[in-house]
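> Just so it is clear, I am handing over model.cif, which has mmCIF, C-alpha atoms.
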data_final
#
loop_
_atom_site.label_atom_id
_atom_site.label_comp_id
_atom_site.auth_asym_id
_atom_site.auth_seq_id
_atom_site.Cartn_x
_atom_site.Cartn_y
_atom_site.Cartn_z
CA MET A 1 -43.68 -15.41 0.43
CA HIS A 2 -42.60 -11.86 1.15
CA ILE A 3 -40.10 -10.10 -1.09
CA ARG A 4 -38.28 -7.17 0.39
CA HIS A 5 -37.09 -4.54 -2.06
CA LEU A 6 -33.84 -2.90 -1.17
CA THR A 7 -33.62 0.82 -1.53
CA PRO A 8 -30.32 2.68 -1.36
CA SER A 9 -31.02 3.64 2.27
CA SER A 10 -31.84 0.06 3.34
CA ARG A 11 -28.73 -1.58 1.90
CA THR A 12 -25.86 -2.48 4.13
CA PRO A 13 -23.42 0.43 3.79
CA LEU A 14 -20.07 -0.22 2.21
CA ALA A 15 -17.00 0.38 4.33
CA MET A 16 -16.00 4.00 4.05
CA TYR A 17 -12.30 4.66 4.11
CA THR A 18 -10.92 7.99 5.24
CA LYS A 19 -7.17 7.28 5.19
CA ILE A 20 -5.55 4.89 2.72
CA LEU A 21 -1.89 3.94 3.09
CA VAL A 22 -0.10 2.82 -0.08
CA PRO A 23 3.31 1.20 0.44
CA LEU A 24 5.36 1.49 -2.75
CA ASP A 25 8.46 0.11 -4.34
CA SER A 26 9.49 0.28 -7.99
CA SER A 27 7.74 -2.99 -8.95
CA SER A 28 4.89 -3.02 -11.45
CA ALA A 29 2.71 -4.73 -8.81
CA ALA A 30 3.14 -1.78 -6.44
CA GLN A 31 2.43 0.72 -9.20
CA ILE A 32 -0.79 -1.10 -10.19
CA ALA A 33 -1.86 -1.19 -6.52
CA ALA A 34 -1.13 2.54 -6.16
CA ASP A 35 -3.29 3.28 -9.20
CA HIS A 36 -6.10 1.22 -7.65
CA ALA A 37 -5.66 3.02 -4.31
CA VAL A 38 -5.94 6.43 -6.00
CA GLY A 39 -9.26 5.30 -7.49
CA LEU A 40 -10.47 4.09 -4.09
CA ALA A 41 -9.41 7.33 -2.43
CA ARG A 42 -11.27 9.32 -5.08
CA ASP A 43 -14.41 7.17 -4.64
CA HIS A 44 -14.32 7.44 -0.84
CA HIS A 45 -13.08 11.05 -0.65
CA ALA A 46 -10.23 9.66 1.43
CA ALA A 47 -6.77 10.97 2.14
CA VAL A 48 -3.96 8.89 0.67
CA ARG A 49 -0.40 8.46 1.93
CA PHE A 50 2.31 6.98 -0.25
CA LEU A 51 5.05 5.23 1.73
CA THR A 52 8.27 3.64 0.64
CA VAL A 53 10.58 1.76 2.98
CA ILE A 54 14.34 1.60 2.68
CA ASP A 55 15.49 -1.73 4.08
CA PHE A 56 18.85 -0.98 5.67
CA ASN A 57 19.14 -4.63 6.74
CA ASN A 58 20.14 -5.43 3.16
CA PHE A 59 22.76 -2.67 3.02
CA ILE A 60 25.00 -3.22 6.01
CA GLY A 61 28.34 -1.69 5.10
CA ALA A 62 26.87 0.20 2.14
CA TYR A 63 28.49 3.40 1.06
CA PRO A 64 26.69 6.54 2.29
CA ASN A 65 26.29 7.85 -1.27
CA MET A 66 24.57 4.57 -2.25
CA ILE A 67 21.96 5.15 0.46
CA GLU A 68 21.59 8.76 -0.68
CA VAL A 69 20.98 7.60 -4.26
CA MET A 70 18.34 5.14 -3.00
CA SER A 71 16.65 7.89 -0.98
CA ASP A 72 16.65 10.23 -3.99
CA GLY A 73 15.08 7.53 -6.16
CA ALA A 74 12.43 6.84 -3.53
CA ARG A 75 11.66 10.57 -3.24
CA GLN A 76 11.27 10.90 -7.03
CA MET A 77 8.84 7.97 -7.13
CA LEU A 78 6.83 9.35 -4.22
CA ASP A 79 6.75 12.84 -5.76
CA GLY A 80 5.32 11.37 -8.97
CA TRP A 81 2.48 9.68 -7.11
CA MET A 82 1.91 12.79 -4.98
CA GLU A 83 1.54 14.88 -8.13
CA ARG A 84 -0.86 12.37 -9.66
CA ALA A 85 -3.03 12.25 -6.52
CA SER A 86 -3.05 16.03 -6.25
CA ARG A 87 -4.20 16.33 -9.89
CA SER A 88 -7.09 14.03 -8.93
CA GLY A 89 -8.03 16.44 -6.16
CA LEU A 90 -6.96 14.13 -3.34
CA ASP A 91 -5.51 15.04 0.03
CA ALA A 92 -2.17 13.29 -0.41
CA SER A 93 1.08 12.96 1.51
CA THR A 94 4.28 10.92 1.30
CA ALA A 95 6.71 9.31 3.72
CA ILE A 96 9.96 7.38 3.61
CA GLY A 97 10.37 4.72 6.28
CA GLU A 98 13.50 2.85 7.27
CA THR A 99 14.08 -0.50 8.87
CA CYS A 100 15.80 -0.27 12.25
CA LEU A 101 16.16 -2.28 15.44
CA ASP A 102 12.56 -1.52 16.54
CA ASN A 103 11.08 -2.27 13.12
CA ALA A 104 13.45 -4.79 11.63
CA SER A 105 11.30 -5.76 8.62
CA VAL A 106 9.66 -3.79 5.84
CA ALA A 107 6.28 -5.20 6.94
CA ALA A 108 6.84 -3.95 10.51
CA VAL A 109 7.67 -0.44 9.25
CA ILE A 110 4.52 -0.40 7.10
CA ALA A 111 2.30 -1.64 9.96
CA ALA A 112 3.80 0.92 12.38
CA ASP A 113 3.34 3.78 9.91
CA ALA A 114 -0.27 2.77 9.25
CA ASN A 115 -0.99 2.80 12.98
CA THR A 116 0.79 6.10 13.61
CA TRP A 117 -0.92 7.84 10.68
CA GLY A 118 -4.32 6.36 11.57
CA ALA A 119 -4.93 4.53 8.29
CA ASP A 120 -8.09 2.48 7.94
CA LEU A 121 -6.92 0.64 4.80
CA ILE A 122 -3.53 -0.50 3.49
CA VAL A 123 -3.35 -1.22 -0.25
CA LEU A 124 -0.46 -3.43 -1.41
CA GLY A 125 0.52 -4.96 -4.73
CA ARG A 126 0.97 -8.68 -5.26
CA ASP A 127 2.83 -10.11 -8.24
CA GLY A 128 1.38 -13.61 -8.14
CA HIS A 129 4.78 -15.35 -8.09
CA GLU A 130 5.60 -17.57 -5.16
CA SER A 131 9.12 -18.73 -4.51
CA MET A 132 9.92 -21.36 -1.93
CA ALA A 133 11.16 -18.62 0.43
CA HIS A 134 7.87 -16.75 -0.02
CA ARG A 135 5.88 -19.89 0.82
CA VAL A 136 7.94 -20.53 3.96
CA LEU A 137 8.58 -16.98 5.20
CA GLY A 138 5.71 -15.08 3.60
CA GLY A 139 5.93 -11.87 1.63
CA VAL A 140 5.63 -8.27 2.74
CA ALA A 141 1.85 -8.24 2.21
CA ASP A 142 1.48 -11.37 4.34
CA GLY A 143 3.63 -9.82 7.05
CA VAL A 144 1.62 -6.59 7.05
CA ALA A 145 -1.64 -8.55 7.27
CA ARG A 146 -0.30 -10.54 10.25
CA MET A 147 1.12 -7.51 12.09
CA SER A 148 -1.63 -4.98 11.61
CA ALA A 149 -5.23 -4.78 12.82
CA ILE A 150 -5.93 -2.47 9.87
CA ARG A 151 -7.61 -3.90 6.77
CA VAL A 152 -5.19 -4.93 4.03
CA LEU A 153 -6.19 -5.05 0.39
CA THR A 154 -3.82 -6.88 -1.96
CA VAL A 155 -4.12 -6.01 -5.63
CA PRO A 156 -2.81 -8.58 -8.12
CA SER A 157 -0.52 -7.22 -10.81
CA LYS A 158 -2.27 -9.29 -13.47
CA ASP A 159 -5.30 -11.49 -13.88
CA ILE A 160 -4.12 -14.49 -11.85
CA THR A 161 -7.17 -16.54 -12.90
CA ASN A 162 -6.12 -16.28 -16.55
CA PRO A 163 -2.29 -16.42 -16.67
#
Now that the file is in, can you turn its structure into structure tokens?

Amino acid sequence: MHIRHLTPSSRTPLAMYTKILVPLDSSSAAQIAADHAVGLARDHHAAVRFLTVIDFNNFIGAYPNMIEVMSDGARQMLDGWMERASRSGLDASTAIGETCLDNASVAAVIAADANTWGADLIVLGRDGHESMAHRVLGGVADGVARMSAIRVLTVPSKDITNP
């Protein structure tokens, strides 16, 4: 019997990420995923991009100042994550996406932004709750995974093996 000892140079290399896209909303699941993504970016010396998507499909007939308030809130959240990533020494950027006729779903906007920016990993939060609509239609993370050829990492918001 022959035993082969693995040295660091003979191990299969881990995937190296250079650009990590982090879609955000105000949920705790998204915030936990963003924290995880910052750690990954630090470990891989990768650039990180924080993206939030305003879903105009849910606001048909909304007042213009309501949309402005939403955009301001999104910008404040993104600025907070940008500051945190910069303090960690990361190359960080932010973007605000919007649903439109070409990208009618939040998942489509995320997948399109990941492709345009050249991301090699998308990190999304998952809350562990499944409604009937989620089971039938799928959530944003499921939609991104179906629409994008880029790797998708979902980060649970809590230990789902020990509820």
> Point out the residue among A:Arg146, A:Ile20, A:Asp55, A:Asp113 with the least atom-to-atom distance to A:Ala95, counting all atoms listed in the file.
A:Asp113
> Out of A:Ser27, A:Ala141, A:His44, A:Lys19, which residue has the shortest atom-to-atom distance to A:Ser93 when counting only C-alpha atoms?
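Among the listed residues, the smallest separation from A:Ser93 belongs to A:Lys19.
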> Name every residue that the PyMOL selection byres ((chain A and resi 100-107) around 6) selects in this structure, writing the answer as a PyMOL selection string with chains first and numbers rising.
chain A and resi 99+108-110+140+143-144
> Might you pull out every residue within 9 Å of A:Asn115, with only C-alpha atoms counted and same-chain residues fewer than 5 positions away left off, and present them as a PyMOL selection string?
chain A and resi 110+120+148-150
> Select, from A:Arg126, A:Lys158, A:Arg42, A:His36, the residue with the minimum atom-to-atom distance to A:Ala92, counting all atoms listed in the file.
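Distance minimum relative to A:Ala92 lands on A:Arg42.
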> Excluding A:Leu124 and residues on its chain fewer than 6 positions from it, collect all residues at most 12 Å away from it, counting all atoms listed in the file, and give them as a PyMOL selection string.
chain A and resi 20-25+27-37+50-52+107+110-111+139-145+151-157
> I'd like the interatomic distance between atom CA of A:Arg75 and atom CA of A:Ile96, to a tenth of an Å.
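Distance between the two atoms: 7.7 Å.
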> Report the distance between atom CA of A:Leu90 and atom CA of A:His45 in Å, rounded to one decimal place.
7.4 Å
> From the set A:Val69, A:Met16, A:Val53, A:Ala114, which residue has the shortest atom-to-atom contact distance to A:Leu40, counting all atoms listed in the file?
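Of A:Val69, A:Met16, A:Val53, A:Ala114, the one nearest A:Leu40 is A:Met16, counting all atoms listed in the file.
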> Could you work out how far atom CA of A:Gly73 lies from atom CA of A:Gly39, giving the answer in Å with one decimal?
24.5 Å
> Any idea what's packed within 12 Å of A:Arg87, counting all atoms listed in the file, ignoring anything in its chain fewer than 6 positions away? Could you give it as a PyMOL selection string?
chain A and resi 38+42+80-81
> Smallest atom-to-atom distance to A:Met77: which of A:Ser26, A:Asp91, A:Gly125, A:Thr18, using all atoms listed in the file?
A:Ser26
> Assuming 8 Å of padding per side, give the centre and edge lengths of the axis-aligned box around every listed atom of stretch 118-121 of chain A, in Å to one decimal and as lines of an AutoDock Vina configuration file.

center_x = -6.2
center_y = 3.5
center_z = 8.2
size_x = 19.8
size_y = 21.7
size_z = 22.8
> Counting all atoms listed in the file, which of A:Tyr17, A:Ala47, A:Ala119, A:Thr94 gets nearest to A:Asp79?
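Answer, going by the shortest atom-to-atom distance: A:Thr94.
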> Starting from the incomplete input, reconstruct N, CA, C and O atoms of stretch 13-39 of chain A and write that as a PDB file, in the frame of the given file.

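This went into out-v6.pdb:
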ATOM      1  N   PRO A  13     -24.382  -0.533   4.330  1.00  0.00           N
ATOM      2  CA  PRO A  13     -23.420   0.430   3.790  1.00  0.00           C
ATOM      3  C   PRO A  13     -22.063  -0.221   3.545  1.00  0.00           C
ATOM      4  O   PRO A  13     -21.649  -1.111   4.280  1.00  0.00           O
ATOM      5  N   LEU A  14     -21.422   0.230   2.491  1.00  0.00           N
ATOM      6  CA  LEU A  14     -20.070  -0.220   2.210  1.00  0.00           C
ATOM      7  C   LEU A  14     -19.121   0.432   3.214  1.00  0.00           C
ATOM      8  O   LEU A  14     -19.414   1.491   3.759  1.00  0.00           O
ATOM      9  N   ALA A  15     -17.996  -0.215   3.436  1.00  0.00           N
ATOM     10  CA  ALA A  15     -17.000   0.380   4.330  1.00  0.00           C
ATOM     11  C   ALA A  15     -16.526   1.696   3.711  1.00  0.00           C
ATOM     12  O   ALA A  15     -16.244   1.761   2.518  1.00  0.00           O
ATOM     13  N   MET A  16     -16.500   2.717   4.502  1.00  0.00           N
ATOM     14  CA  MET A  16     -16.000   4.000   4.050  1.00  0.00           C
ATOM     15  C   MET A  16     -14.588   4.183   4.586  1.00  0.00           C
ATOM     16  O   MET A  16     -14.370   4.053   5.794  1.00  0.00           O
ATOM     17  N   TYR A  17     -13.688   4.456   3.708  1.00  0.00           N
ATOM     18  CA  TYR A  17     -12.300   4.660   4.110  1.00  0.00           C
ATOM     19  C   TYR A  17     -12.016   6.154   4.129  1.00  0.00           C
ATOM     20  O   TYR A  17     -12.450   6.892   3.256  1.00  0.00           O
ATOM     21  N   THR A  18     -11.278   6.578   5.133  1.00  0.00           N
ATOM     22  CA  THR A  18     -10.920   7.990   5.240  1.00  0.00           C
ATOM     23  C   THR A  18      -9.422   8.216   5.052  1.00  0.00           C
ATOM     24  O   THR A  18      -9.016   9.294   4.650  1.00  0.00           O
ATOM     25  N   LYS A  19      -8.619   7.181   5.334  1.00  0.00           N
ATOM     26  CA  LYS A  19      -7.170   7.280   5.190  1.00  0.00           C
ATOM     27  C   LYS A  19      -6.631   5.983   4.608  1.00  0.00           C
ATOM     28  O   LYS A  19      -6.713   4.932   5.242  1.00  0.00           O
ATOM     29  N   ILE A  20      -6.061   6.075   3.415  1.00  0.00           N
ATOM     30  CA  ILE A  20      -5.550   4.890   2.720  1.00  0.00           C
ATOM     31  C   ILE A  20      -4.031   4.991   2.609  1.00  0.00           C
ATOM     32  O   ILE A  20      -3.503   5.942   2.021  1.00  0.00           O
ATOM     33  N   LEU A  21      -3.341   4.006   3.174  1.00  0.00           N
ATOM     34  CA  LEU A  21      -1.890   3.940   3.090  1.00  0.00           C
ATOM     35  C   LEU A  21      -1.492   3.055   1.920  1.00  0.00           C
ATOM     36  O   LEU A  21      -2.020   1.949   1.768  1.00  0.00           O
ATOM     37  N   VAL A  22      -0.548   3.542   1.112  1.00  0.00           N
ATOM     38  CA  VAL A  22      -0.100   2.820  -0.080  1.00  0.00           C
ATOM     39  C   VAL A  22       1.410   2.631  -0.018  1.00  0.00           C
ATOM     40  O   VAL A  22       2.167   3.527  -0.391  1.00  0.00           O
ATOM     41  N   PRO A  23       1.871   1.474   0.463  1.00  0.00           N
ATOM     42  CA  PRO A  23       3.310   1.200   0.440  1.00  0.00           C
ATOM     43  C   PRO A  23       3.763   0.952  -1.003  1.00  0.00           C
ATOM     44  O   PRO A  23       3.103   0.236  -1.757  1.00  0.00           O
ATOM     45  N   LEU A  24       4.875   1.561  -1.370  1.00  0.00           N
ATOM     46  CA  LEU A  24       5.360   1.490  -2.750  1.00  0.00           C
ATOM     47  C   LEU A  24       6.806   1.020  -2.824  1.00  0.00           C
ATOM     48  O   LEU A  24       7.612   1.311  -1.945  1.00  0.00           O
ATOM     49  N   ASP A  25       7.089   0.318  -3.901  1.00  0.00           N
ATOM     50  CA  ASP A  25       8.460   0.110  -4.340  1.00  0.00           C
ATOM     51  C   ASP A  25       8.418   0.335  -5.852  1.00  0.00           C
ATOM     52  O   ASP A  25       7.402   0.794  -6.382  1.00  0.00           O
ATOM     53  N   SER A  26       9.462   0.002  -6.550  1.00  0.00           N
ATOM     54  CA  SER A  26       9.490   0.280  -7.990  1.00  0.00           C
ATOM     55  C   SER A  26       8.863  -0.842  -8.830  1.00  0.00           C
ATOM     56  O   SER A  26       8.852  -0.749 -10.053  1.00  0.00           O
ATOM     57  N   SER A  27       8.315  -1.860  -8.199  1.00  0.00           N
ATOM     58  CA  SER A  27       7.740  -2.990  -8.950  1.00  0.00           C
ATOM     59  C   SER A  27       6.451  -2.580  -9.666  1.00  0.00           C
ATOM     60  O   SER A  27       5.737  -1.669  -9.238  1.00  0.00           O
ATOM     61  N   SER A  28       6.140  -3.285 -10.732  1.00  0.00           N
ATOM     62  CA  SER A  28       4.890  -3.020 -11.450  1.00  0.00           C
ATOM     63  C   SER A  28       3.688  -3.358 -10.575  1.00  0.00           C
ATOM     64  O   SER A  28       2.656  -2.689 -10.648  1.00  0.00           O
ATOM     65  N   ALA A  29       3.808  -4.363  -9.709  1.00  0.00           N
ATOM     66  CA  ALA A  29       2.710  -4.730  -8.810  1.00  0.00           C
ATOM     67  C   ALA A  29       2.366  -3.570  -7.883  1.00  0.00           C
ATOM     68  O   ALA A  29       1.187  -3.253  -7.669  1.00  0.00           O
ATOM     69  N   ALA A  30       3.381  -2.912  -7.336  1.00  0.00           N
ATOM     70  CA  ALA A  30       3.140  -1.780  -6.440  1.00  0.00           C
ATOM     71  C   ALA A  30       2.533  -0.605  -7.192  1.00  0.00           C
ATOM     72  O   ALA A  30       1.653   0.091  -6.665  1.00  0.00           O
ATOM     73  N   GLN A  31       2.962  -0.394  -8.413  1.00  0.00           N
ATOM     74  CA  GLN A  31       2.430   0.720  -9.200  1.00  0.00           C
ATOM     75  C   GLN A  31       0.964   0.484  -9.563  1.00  0.00           C
ATOM     76  O   GLN A  31       0.147   1.411  -9.515  1.00  0.00           O
ATOM     77  N   ILE A  32       0.607  -0.750  -9.886  1.00  0.00           N
ATOM     78  CA  ILE A  32      -0.790  -1.100 -10.190  1.00  0.00           C
ATOM     79  C   ILE A  32      -1.648  -0.924  -8.930  1.00  0.00           C
ATOM     80  O   ILE A  32      -2.759  -0.391  -8.987  1.00  0.00           O
ATOM     81  N   ALA A  33      -1.126  -1.347  -7.779  1.00  0.00           N
ATOM     82  CA  ALA A  33      -1.860  -1.190  -6.520  1.00  0.00           C
ATOM     83  C   ALA A  33      -2.048   0.292  -6.188  1.00  0.00           C
ATOM     84  O   ALA A  33      -3.117   0.699  -5.721  1.00  0.00           O
ATOM     85  N   ALA A  34      -1.028   1.111  -6.434  1.00  0.00           N
ATOM     86  CA  ALA A  34      -1.130   2.540  -6.160  1.00  0.00           C
ATOM     87  C   ALA A  34      -2.204   3.183  -7.039  1.00  0.00           C
ATOM     88  O   ALA A  34      -2.988   4.019  -6.569  1.00  0.00           O
ATOM     89  N   ASP A  35      -2.256   2.771  -8.287  1.00  0.00           N
ATOM     90  CA  ASP A  35      -3.290   3.280  -9.200  1.00  0.00           C
ATOM     91  C   ASP A  35      -4.677   2.909  -8.679  1.00  0.00           C
ATOM     92  O   ASP A  35      -5.599   3.732  -8.676  1.00  0.00           O
ATOM     93  N   HIS A  36      -4.827   1.680  -8.218  1.00  0.00           N
ATOM     94  CA  HIS A  36      -6.100   1.220  -7.650  1.00  0.00           C
ATOM     95  C   HIS A  36      -6.441   2.021  -6.386  1.00  0.00           C
ATOM     96  O   HIS A  36      -7.595   2.416  -6.187  1.00  0.00           O
ATOM     97  N   ALA A  37      -5.442   2.275  -5.553  1.00  0.00           N
ATOM     98  CA  ALA A  37      -5.660   3.020  -4.310  1.00  0.00           C
ATOM     99  C   ALA A  37      -6.091   4.460  -4.594  1.00  0.00           C
ATOM    100  O   ALA A  37      -6.942   5.005  -3.882  1.00  0.00           O
ATOM    101  N   VAL A  38      -5.540   5.077  -5.626  1.00  0.00           N
ATOM    102  CA  VAL A  38      -5.940   6.430  -6.000  1.00  0.00           C
ATOM    103  C   VAL A  38      -7.422   6.438  -6.389  1.00  0.00           C
ATOM    104  O   VAL A  38      -8.178   7.326  -5.989  1.00  0.00           O
ATOM    105  N   GLY A  39      -7.845   5.422  -7.135  1.00  0.00           N
ATOM    106  CA  GLY A  39      -9.260   5.300  -7.490  1.00  0.00           C
ATOM    107  C   GLY A  39     -10.145   5.121  -6.267  1.00  0.00           C
ATOM    108  O   GLY A  39     -11.203   5.752  -6.151  1.00  0.00           O
TER     109      GLY A  39
END
